[in-house]
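> Have a peek at protein18.pdb (PDB, C-alpha atoms).
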```
MODEL        1
ATOM      1  CA  MET A 407       0.000   0.000   0.000
ATOM      2  CA  ASP A 408       2.975   2.357   0.574
ATOM      3  CA  ALA A 409       3.830   2.057  -3.109
ATOM      4  CA  VAL A 410       0.288   3.093  -4.067
ATOM      5  CA  PHE A 411       0.350   6.243  -1.928
ATOM      6  CA  LYS A 412       3.855   7.125  -3.096
ATOM      7  CA  ALA A 413       2.800   6.699  -6.704
ATOM      8  CA  LEU A 414      -0.292   8.849  -6.188
ATOM      9  CA  ALA A 415       1.635  11.601  -4.390
ATOM     10  CA  ASP A 416       2.739  13.228  -7.620
ATOM     11  CA  ALA A 417       0.650  15.448  -9.869
ATOM     12  CA  SER A 418       2.284  14.196 -13.074
ATOM     13  CA  ARG A 419       1.527  10.589 -12.213
ATOM     14  CA  ARG A 420      -2.051  11.448 -11.300
ATOM     15  CA  GLU A 421      -2.341  13.196 -14.647
ATOM     16  CA  LEU A 422      -1.141  10.051 -16.410
ATOM     17  CA  LEU A 423      -3.828   8.063 -14.579
ATOM     18  CA  ASP A 424      -6.427  10.642 -15.632
ATOM     19  CA  ARG A 425      -5.290  10.272 -19.236
ATOM     20  CA  LEU A 426      -5.679   6.525 -19.029
ATOM     21  CA  ARG A 427      -9.062   6.856 -17.399
ATOM     22  CA  ALA A 428     -10.162   9.021 -20.330
ATOM     23  CA  GLU A 429      -8.681   6.573 -22.819
ATOM     24  CA  ASN A 430      -7.521   3.187 -21.677
ATOM     25  CA  GLY A 431      -4.860   1.172 -23.491
ATOM     26  CA  GLN A 432      -2.513   3.929 -24.685
ATOM     27  CA  THR A 433       1.071   3.397 -25.783
ATOM     28  CA  LEU A 434       3.962   5.403 -24.336
ATOM     29  CA  GLY A 435       4.040   7.439 -27.547
ATOM     30  CA  GLU A 436       0.339   8.274 -27.313
ATOM     31  CA  LEU A 437       0.692   9.317 -23.686
ATOM     32  CA  CYS A 438       3.687  11.538 -24.470
ATOM     33  CA  ALA A 439       2.008  13.215 -27.423
ATOM     34  CA  ARG A 440      -0.422  15.089 -25.223
ATOM     35  CA  LEU A 441       1.785  15.900 -22.251
ATOM     36  CA  ALA A 442       4.334  18.586 -21.517
ATOM     37  CA  MET A 443       6.799  15.972 -20.241
ATOM     38  CA  THR A 444       9.762  14.311 -21.850
ATOM     39  CA  ARG A 445       9.407  10.747 -23.009
ATOM     40  CA  GLN A 446      11.974   9.693 -20.387
ATOM     41  CA  ALA A 447       9.999  11.358 -17.587
ATOM     42  CA  VAL A 448       6.737   9.743 -18.689
ATOM     43  CA  SER A 449       8.474   6.390 -18.960
ATOM     44  CA  LYS A 450       9.873   6.691 -15.400
ATOM     45  CA  HIS A 451       6.487   7.669 -14.010
ATOM     46  CA  LEU A 452       4.871   4.705 -15.761
ATOM     47  CA  VAL A 453       7.385   2.318 -14.193
ATOM     48  CA  LEU A 454       6.465   3.609 -10.726
ATOM     49  CA  LEU A 455       2.763   3.374 -11.484
ATOM     50  CA  GLU A 456       3.211  -0.169 -12.753
ATOM     51  CA  GLU A 457       5.196  -1.141  -9.646
ATOM     52  CA  ALA A 458       2.335   0.188  -7.521
ATOM     53  CA  ASN A 459      -0.031  -1.888  -9.702
ATOM     54  CA  LEU A 460      -1.983   1.237 -10.606
ATOM     55  CA  VAL A 461      -1.128   0.669 -14.244
ATOM     56  CA  ALA A 462      -1.333  -2.726 -15.932
ATOM     57  CA  THR A 463       0.347  -3.341 -19.255
ATOM     58  CA  VAL A 464      -0.402  -5.676 -22.129
ATOM     59  CA  ARG A 465       1.847  -6.399 -25.080
ATOM     60  CA  ARG A 466       0.180  -6.265 -28.440
ATOM     61  CA  GLY A 467       2.724  -7.088 -31.119
ATOM     62  CA  ARG A 468       5.547  -4.581 -30.711
ATOM     63  CA  GLU A 469       3.397  -2.192 -28.713
ATOM     64  CA  LYS A 470       3.012  -1.992 -24.957
ATOM     65  CA  LEU A 471      -0.463  -0.793 -24.000
ATOM     66  CA  HIS A 472      -1.083   0.855 -20.633
ATOM     67  CA  TYR A 473      -4.279   0.412 -18.635
ATOM     68  CA  LEU A 474      -5.556   2.122 -15.533
ATOM     69  CA  ASN A 475      -5.842  -0.627 -12.935
ATOM     70  CA  PRO A 476      -8.350   0.580 -10.320
ATOM     71  CA  VAL A 477      -8.035  -2.515  -8.112
ATOM     72  CA  PRO A 478      -5.538  -1.070  -5.541
ATOM     73  CA  ILE A 479      -7.644   2.100  -5.178
ATOM     74  CA  HIS A 480     -10.697  -0.061  -4.605
ATOM     75  CA  GLU A 481      -8.790  -1.927  -1.876
ATOM     76  CA  ILE A 482      -7.956   1.380  -0.164
ATOM     77  CA  ALA A 483     -11.589   2.468  -0.342
ATOM     78  CA  GLU A 484     -12.731  -0.871   1.073
ATOM     79  CA  ARG A 485     -10.287  -0.556   3.937
ATOM     80  CA  TRP A 486     -11.454   2.828   5.173
ATOM     81  CA  ILE A 487     -14.915   3.197   3.730
ATOM     82  CA  GLY A 488     -17.365   0.638   5.039
ATOM     83  CA  LYS A 489     -20.395  -0.686   3.309
ATOM     84  CA  PHE A 490     -22.732   1.580   5.264
ATOM     85  CA  GLU A 491     -20.764   4.796   4.886
ATOM     86  CA  ARG A 492     -20.811   4.675   1.113
ATOM     87  CA  SER A 493     -24.316   6.059   0.614
ATOM     88  CA  ARG A 494     -23.789   8.885   3.135
ATOM     89  CA  LEU A 495     -20.540   9.899   1.442
ATOM     90  CA  GLN A 496     -22.282   9.792  -1.918
ATOM     91  CA  ALA A 497     -25.025  12.088  -0.615
ATOM     92  CA  LEU A 498     -22.395  14.590   0.542
ATOM     93  CA  SER A 499     -20.543  14.346  -2.740
ATOM     94  CA  ASP A 500     -23.802  14.872  -4.695
ATOM     95  CA  MET A 501     -24.579  17.924  -2.552
ATOM     96  CA  LYS A 502     -21.119  19.398  -3.149
ATOM     97  CA  GLN A 503     -21.447  18.892  -6.892
ATOM     98  CA  ALA A 504     -24.947  20.344  -7.020
ATOM     99  CA  LEU A 505     -23.993  23.413  -4.972
ATOM    100  CA  GLU A 506     -20.776  24.058  -6.848
ATOM    101  CA  ALA A 507     -22.517  23.654 -10.195
ATOM    102  CA  GLY A 508     -25.082  26.243  -9.040
ATOM    103  CA  ASP A 509     -22.309  28.807  -8.518
ATOM    104  CA  GLU A 510     -21.170  28.740 -12.103
TER     105      GLU A 510
ATOM    106  CA  MET B 284     -14.669  -3.613 -32.492
ATOM    107  CA  SER B 285     -11.195  -2.535 -31.528
ATOM    108  CA  ASP B 286      -8.436  -5.155 -31.354
ATOM    109  CA  LYS B 287      -7.275  -3.498 -28.148
ATOM    110  CA  PRO B 288      -8.544  -4.897 -24.829
ATOM    111  CA  LYS B 289     -11.048  -2.604 -23.177
ATOM    112  CA  PHE B 290     -10.096  -3.456 -19.603
ATOM    113  CA  VAL B 291      -7.066  -4.975 -17.960
ATOM    114  CA  TYR B 292      -7.143  -5.621 -14.227
ATOM    115  CA  VAL B 293      -4.275  -6.996 -12.178
ATOM    116  CA  ILE B 294      -4.319  -8.163  -8.585
ATOM    117  CA  TYR B 295      -1.633  -9.876  -6.486
ATOM    118  CA  ILE B 296      -2.925 -12.542  -4.130
ATOM    119  CA  ALA B 297      -0.868 -14.303  -1.467
ATOM    120  CA  SER B 298      -1.934 -17.792  -2.519
ATOM    121  CA  THR B 299      -1.102 -20.554  -4.987
ATOM    122  CA  PRO B 300      -2.280 -20.813  -8.613
ATOM    123  CA  ASP B 301      -4.216 -23.993  -7.711
ATOM    124  CA  LYS B 302      -6.143 -22.256  -4.946
ATOM    125  CA  VAL B 303      -6.876 -19.202  -7.088
ATOM    126  CA  TRP B 304      -8.029 -21.492  -9.914
ATOM    127  CA  GLN B 305     -10.346 -23.365  -7.553
ATOM    128  CA  ALA B 306     -11.736 -20.118  -6.188
ATOM    129  CA  LEU B 307     -12.480 -18.857  -9.692
ATOM    130  CA  THR B 308     -14.135 -21.982 -11.054
ATOM    131  CA  ASP B 309     -15.845 -23.771  -8.152
ATOM    132  CA  PRO B 310     -19.403 -22.562  -7.433
ATOM    133  CA  ASP B 311     -19.123 -23.459  -3.727
ATOM    134  CA  GLN B 312     -16.273 -20.941  -3.501
ATOM    135  CA  THR B 313     -17.512 -18.198  -5.841
ATOM    136  CA  GLU B 314     -20.701 -18.057  -3.781
ATOM    137  CA  LYS B 315     -18.617 -16.807  -0.849
ATOM    138  CA  TYR B 316     -17.014 -13.791  -2.488
ATOM    139  CA  TRP B 317     -18.737 -13.099  -5.849
ATOM    140  CA  PHE B 318     -21.925 -11.327  -4.726
ATOM    141  CA  GLY B 319     -23.310 -14.722  -3.721
ATOM    142  CA  TYR B 320     -23.227 -15.993  -7.319
ATOM    143  CA  ARG B 321     -22.538 -19.654  -7.943
ATOM    144  CA  VAL B 322     -20.295 -19.534 -10.988
ATOM    145  CA  ASN B 323     -19.479 -22.840 -12.610
ATOM    146  CA  ALA B 324     -16.469 -22.528 -14.903
ATOM    147  CA  ASN B 325     -15.049 -25.977 -14.274
ATOM    148  CA  GLY B 326     -16.070 -27.446 -17.621
ATOM    149  CA  LYS B 327     -13.982 -28.177 -20.674
ATOM    150  CA  VAL B 328     -13.648 -25.927 -23.708
ATOM    151  CA  GLY B 329     -17.044 -25.491 -25.319
ATOM    152  CA  ALA B 330     -18.925 -26.214 -22.087
ATOM    153  CA  PRO B 331     -21.446 -23.635 -20.944
ATOM    154  CA  PHE B 332     -20.393 -21.128 -18.352
ATOM    155  CA  ILE B 333     -23.330 -20.907 -15.955
ATOM    156  CA  ALA B 334     -23.947 -18.578 -13.052
ATOM    157  CA  ARG B 335     -26.704 -18.961 -10.468
ATOM    158  CA  ASN B 336     -27.681 -15.783  -8.685
ATOM    159  CA  PRO B 337     -28.507 -15.707  -4.947
ATOM    160  CA  GLY B 338     -32.200 -15.996  -5.869
ATOM    161  CA  GLY B 339     -31.472 -19.454  -7.309
ATOM    162  CA  GLU B 340     -31.963 -18.329 -10.892
ATOM    163  CA  ASP B 341     -29.590 -19.871 -13.455
ATOM    164  CA  PHE B 342     -28.453 -17.811 -16.347
ATOM    165  CA  ASP B 343     -26.258 -18.492 -19.284
ATOM    166  CA  LYS B 344     -23.144 -16.369 -18.978
ATOM    167  CA  GLY B 345     -21.499 -17.805 -22.067
ATOM    168  CA  VAL B 346     -19.192 -20.594 -23.186
ATOM    169  CA  ILE B 347     -15.731 -21.660 -22.044
ATOM    170  CA  LEU B 348     -13.258 -20.787 -24.797
ATOM    171  CA  GLU B 349      -9.973 -21.857 -23.181
ATOM    172  CA  SER B 350      -9.190 -23.850 -20.076
ATOM    173  CA  ASP B 351      -5.636 -24.581 -19.012
ATOM    174  CA  PRO B 352      -5.658 -25.237 -15.252
ATOM    175  CA  PRO B 353      -4.179 -23.538 -13.292
ATOM    176  CA  ARG B 354      -2.885 -20.998 -15.781
ATOM    177  CA  ARG B 355      -5.563 -19.627 -18.055
ATOM    178  CA  ILE B 356      -9.282 -19.655 -18.521
ATOM    179  CA  ALA B 357     -11.238 -17.677 -21.084
ATOM    180  CA  CYS B 358     -14.972 -17.495 -21.634
ATOM    181  CA  THR B 359     -17.546 -15.476 -23.472
ATOM    182  CA  TRP B 360     -19.454 -13.102 -21.235
ATOM    183  CA  ARG B 361     -23.116 -12.495 -21.880
ATOM    184  CA  PRO B 362     -24.529  -9.239 -20.493
ATOM    185  CA  GLN B 363     -27.466  -9.654 -18.111
ATOM    186  CA  HIS B 364     -28.680  -6.127 -17.453
ATOM    187  CA  ASP B 365     -31.836  -4.724 -19.012
ATOM    188  CA  ASN B 366     -29.918  -2.089 -20.931
ATOM    189  CA  ASP B 367     -27.287  -4.412 -22.411
ATOM    190  CA  ARG B 368     -28.968  -7.817 -22.700
ATOM    191  CA  HIS B 369     -29.318  -7.500 -26.479
ATOM    192  CA  GLU B 370     -25.558  -7.094 -26.937
ATOM    193  CA  ARG B 371     -23.274  -9.740 -28.372
ATOM    194  CA  PRO B 372     -21.252 -11.540 -25.661
ATOM    195  CA  SER B 373     -17.843 -10.065 -24.840
ATOM    196  CA  ARG B 374     -14.830 -12.126 -23.768
ATOM    197  CA  VAL B 375     -13.065 -12.393 -20.436
ATOM    198  CA  THR B 376      -9.679 -14.039 -19.884
ATOM    199  CA  PHE B 377      -8.115 -14.893 -16.534
ATOM    200  CA  ASP B 378      -4.347 -15.419 -16.458
ATOM    201  CA  LEU B 379      -2.705 -16.814 -13.318
ATOM    202  CA  ALA B 380       1.049 -16.534 -12.861
ATOM    203  CA  PRO B 381       3.034 -17.451  -9.733
ATOM    204  CA  LEU B 382       5.302 -14.623  -8.616
ATOM    205  CA  ARG B 383       7.469 -14.706  -5.472
ATOM    206  CA  GLY B 384       5.025 -16.667  -3.343
ATOM    207  CA  GLN B 385       2.035 -14.811  -4.737
ATOM    208  CA  VAL B 386      -0.222 -15.160  -7.723
ATOM    209  CA  ARG B 387      -0.491 -12.382 -10.254
ATOM    210  CA  LEU B 388      -4.039 -12.600 -11.552
ATOM    211  CA  THR B 389      -4.681 -10.648 -14.745
ATOM    212  CA  ILE B 390      -8.166 -10.194 -16.119
ATOM    213  CA  VAL B 391      -8.557  -8.939 -19.650
ATOM    214  CA  HIS B 392     -12.051  -8.086 -20.762
ATOM    215  CA  ASP B 393     -12.424  -7.347 -24.447
ATOM    216  CA  ASP B 394     -14.306  -8.005 -27.668
ATOM    217  CA  PHE B 395     -17.120  -5.593 -26.830
ATOM    218  CA  ASP B 396     -19.530  -4.374 -29.473
ATOM    219  CA  GLU B 397     -19.052  -0.819 -30.644
ATOM    220  CA  GLY B 398     -20.972   1.458 -28.263
ATOM    221  CA  SER B 399     -21.473  -1.370 -25.770
ATOM    222  CA  LYS B 400     -23.204  -0.552 -22.480
ATOM    223  CA  ALA B 401     -22.045  -3.786 -20.874
ATOM    224  CA  PHE B 402     -18.616  -2.390 -20.065
ATOM    225  CA  GLU B 403     -20.141   0.143 -17.657
ATOM    226  CA  SER B 404     -21.350  -2.526 -15.261
ATOM    227  CA  ILE B 405     -18.167  -4.530 -15.782
ATOM    228  CA  SER B 406     -15.950  -1.549 -14.967
ATOM    229  CA  ARG B 407     -17.499  -1.278 -11.513
ATOM    230  CA  GLY B 408     -17.944  -5.001 -10.986
ATOM    231  CA  TRP B 409     -14.453  -6.388 -11.492
ATOM    232  CA  PRO B 410     -12.512  -4.293  -8.938
ATOM    233  CA  ALA B 411     -15.085  -5.261  -6.284
ATOM    234  CA  VAL B 412     -15.065  -8.968  -7.168
ATOM    235  CA  LEU B 413     -11.254  -9.082  -7.296
ATOM    236  CA  SER B 414     -10.792  -7.312  -3.962
ATOM    237  CA  SER B 415     -13.290  -9.680  -2.422
ATOM    238  CA  LEU B 416     -11.537 -12.710  -3.945
ATOM    239  CA  LYS B 417      -8.217 -11.515  -2.516
ATOM    240  CA  SER B 418      -9.691 -11.068   0.983
ATOM    241  CA  TYR B 419     -11.387 -14.440   0.751
ATOM    242  CA  LEU B 420      -8.184 -16.275  -0.207
ATOM    243  CA  GLU B 421      -5.872 -14.407   2.136
ATOM    244  CA  THR B 422      -8.040 -14.147   5.237
ATOM    245  CA  GLY B 423     -10.837 -16.666   4.681
ATOM    246  CA  ARG B 424     -13.349 -13.845   4.747
ATOM    247  CA  ALA B 425     -14.722 -12.118   1.677
ATOM    248  CA  LEU B 426     -15.735  -8.467   1.617
ATOM    249  CA  GLU B 427     -19.288  -7.741   2.671
ATOM    250  CA  MET B 428     -21.120  -6.540  -0.389
ATOM    251  CA  SER B 429     -23.798  -7.426  -2.837
ATOM    252  CA  ALA B 430     -24.208  -6.798  -6.551
ATOM    253  CA  ARG B 431     -26.517  -3.966  -5.481
ATOM    254  CA  ASP B 432     -23.636  -2.192  -3.741
ATOM    255  CA  VAL B 433     -21.641  -1.907  -6.925
ATOM    256  CA  ASP B 434     -24.715  -1.170  -9.008
ATOM    257  CA  ASP B 435     -25.660   1.725  -6.761
ATOM    258  CA  LYS B 436     -25.884   5.301  -7.817
ATOM    259  CA  SER B 437     -22.385   6.331  -6.808
ATOM    260  CA  CYS B 438     -20.817   3.686  -8.995
ATOM    261  CA  ALA B 439     -23.186   4.391 -11.868
ATOM    262  CA  ALA B 440     -22.248   8.063 -11.679
ATOM    263  CA  ALA B 441     -18.542   7.264 -11.586
ATOM    264  CA  ALA B 442     -18.860   4.956 -14.575
ATOM    265  CA  ALA B 443     -20.863   7.529 -16.525
ATOM    266  CA  GLU B 444     -18.215  10.133 -15.785
ATOM    267  CA  ALA B 445     -15.439   7.775 -16.813
ATOM    268  CA  GLY B 446     -17.245   7.002 -20.048
ATOM    269  CA  ALA B 447     -17.835  10.689 -20.826
TER     270      ALA B 447
ENDMDL
END
```
Could you express the structure from this file as structure tokens?

Amino acid sequence: MDAVFKALADASRRELLDRLRAENGQTLGELCARLAMTRQAVSKHLVLLEEANLVATVRRGREKLHYLNPVPIHEIAERWIGKFERSRLQALSDMKQALEAGDE
Amino acid sequence: MSDKPKFVYVIYIASTPDKVWQALTDPDQTEKYWFGYRVNANGKVGAPFIARNPGGEDFDKGVILESDPPRRIACTWRPQHDNDRHERPSRVTFDLAPLRGQVRLTIVHDDFDEGSKAFESISRGWPAVLSSLKSYLETGRALEMSARDVDDKSCAAAAAEAGA
């Protein structure tokens, strides 16, 4: 679990996860094309994310495809958020979204 | 249809490939961690892949495409929800690999129809089932949850946002 928190404690790595959430299965090249980071930096971040099991990879021919693996985040949520708290938290989150949307 | 898998999930479980294989294919075990579903995937290639829900209702989930105990099992996956029942079955593959006293379980779910709705329920189902499987094998106790928990509004909203 330390590896997961360490991996998440970096804005660039969170951005990479967001990119994968928007479009799963991207290659390193595809991920680099839309980021203001060097290929080497993206590659290093991906290694850390893969070590934390937040990114899963699949080889397809010569390409390596990257996938957001939400399983470790689910485990964290299960550890601290019980079955009965989920609906209350969702109500609060809905309220926040509704109120903030109203301000726009 | 894209030739790229839609979902790839990986989980590390402190167990042996044989035990993970048993847990994935034996209905007496799936019942304990898989939302109470009795999933029978013990058949040979071509055999039906049947799941019985906690209400005792059998439904056809698909057909076993590959079975190589305790390394790999693949089956077709027939959607069961009202909004996706008409869709062509997708395909799910489980790969089990021993790794330093653990098992690396990889689930690849692909072969969805273009514009498929089935992947929305799958994207919230698998992480829950896998976490529960891990708890079940490592501690003997699965996570407390039902299919309703992952089908609830919060998950539906998250999936809709992810799909947007």
> Could you tell me which residues the PyMOL selection byres ((chain B and resi 308) around 7) returns for this structure, as a list in words?
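Matching residues under the PyMOL selection byres ((chain B and resi 308) around 7) are Trp304, Gln305, Ala306, Leu307, Asp309, Pro310, Val322, Asn323, Ala324 and Asn325 of chain B.
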> Can you list what the PyMOL selection byres ((chain A) within 10 of (chain B)) grabs from this structure, as an MDAnalysis selection string?
chainID A and resid 424 427:432 459:464 466 471:482 484:485 488:490 492:493 495:497 499:500
> Using the chain letters and numbers from this file, what does the PyMOL selection byres ((chain B and resi 397) around 12) select? Give the answer as a list in words.
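Selection result, ordered by chain and number: Met284, Ser285, Asp286, Lys289, Glu370, Arg371, Ser373, Asp393, Asp394, Phe395, Asp396, Gly398, Ser399, Lys400, Ala401 and Phe402 of chain B.
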> So, with only C-alpha atoms as the atoms that count, which of B:Ser350, B:Thr422, B:Asn336, B:Ser404 lies closest to Asp365 (chain B)?
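Using only C-alpha atoms, Asp365 (chain B) sits closest to B:Ser404.
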> Using CA of Leu348 (chain B) and CA of Phe332 (chain B) as the two end points, give the distance in Å to one decimal.
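CA of Leu348 (chain B) sits 9.6 Å away from CA of Phe332 (chain B).
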> Can you work out the spacing between CA of Cys358 (chain B) and CA of Asp343 (chain B) in Å, to one decimal?
11.6 Å
> With all atoms of region 295-307 of chain B from the file as input, state the centre and edge lengths in Å to one decimal of the axis-aligned box that has 3 Å extra on each side, as AutoDock Vina command-line options.

```
--center_x -6.7 --center_y -16.9 --center_z -5.7 --size_x 17.6 --size_y 20.1 --size_z 14.4
```
> May I ask for the distance between CA of Ala507 (chain A) and CA of Glu421 (chain A), given in Å to one decimal place?
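Separation between CA of Ala507 (chain A) and CA of Glu421 (chain A): 23.2 Å.
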> Using only C-alpha atoms, pick whichever of A:Leu423, A:Leu498, A:Ile487, A:Ala504 has the shortest atom-to-atom distance to His451 (chain A).
A:Leu423
> Looking at B:Ile347, B:Ile405, B:Val303, B:Leu379, which one is nearest to Gln363 (chain B), with distances taken over only C-alpha atoms?
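With only C-alpha atoms as the atom set, the closest residue is B:Ile405.
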> May I have the residues within 8 Å of Gln385 (chain B) as a ChimeraX atom specification, using all atoms listed in the file and disregarding those fewer than 2 positions away in the same chain?
/B:295-299,381-383,387
> So that I can check the surroundings of Ala409 (chain A), please list as a list in words every protein, DNA and RNA residue that reaches within 8 Å of it, counting all atoms listed in the file and ignoring chain neighbours fewer than 3 positions away.
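Neighbouring residues, sequence-local ones excluded: Lys412, Ala413, Glu457 and Ala458 of chain A.
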> Would you please work out which residue, of B:Asp341, B:His392, B:Val386, B:Ile333, is nearest to Ala357 (chain B) when using only C-alpha atoms?
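Among the listed residues, the smallest separation from Ala357 (chain B) belongs to B:His392.
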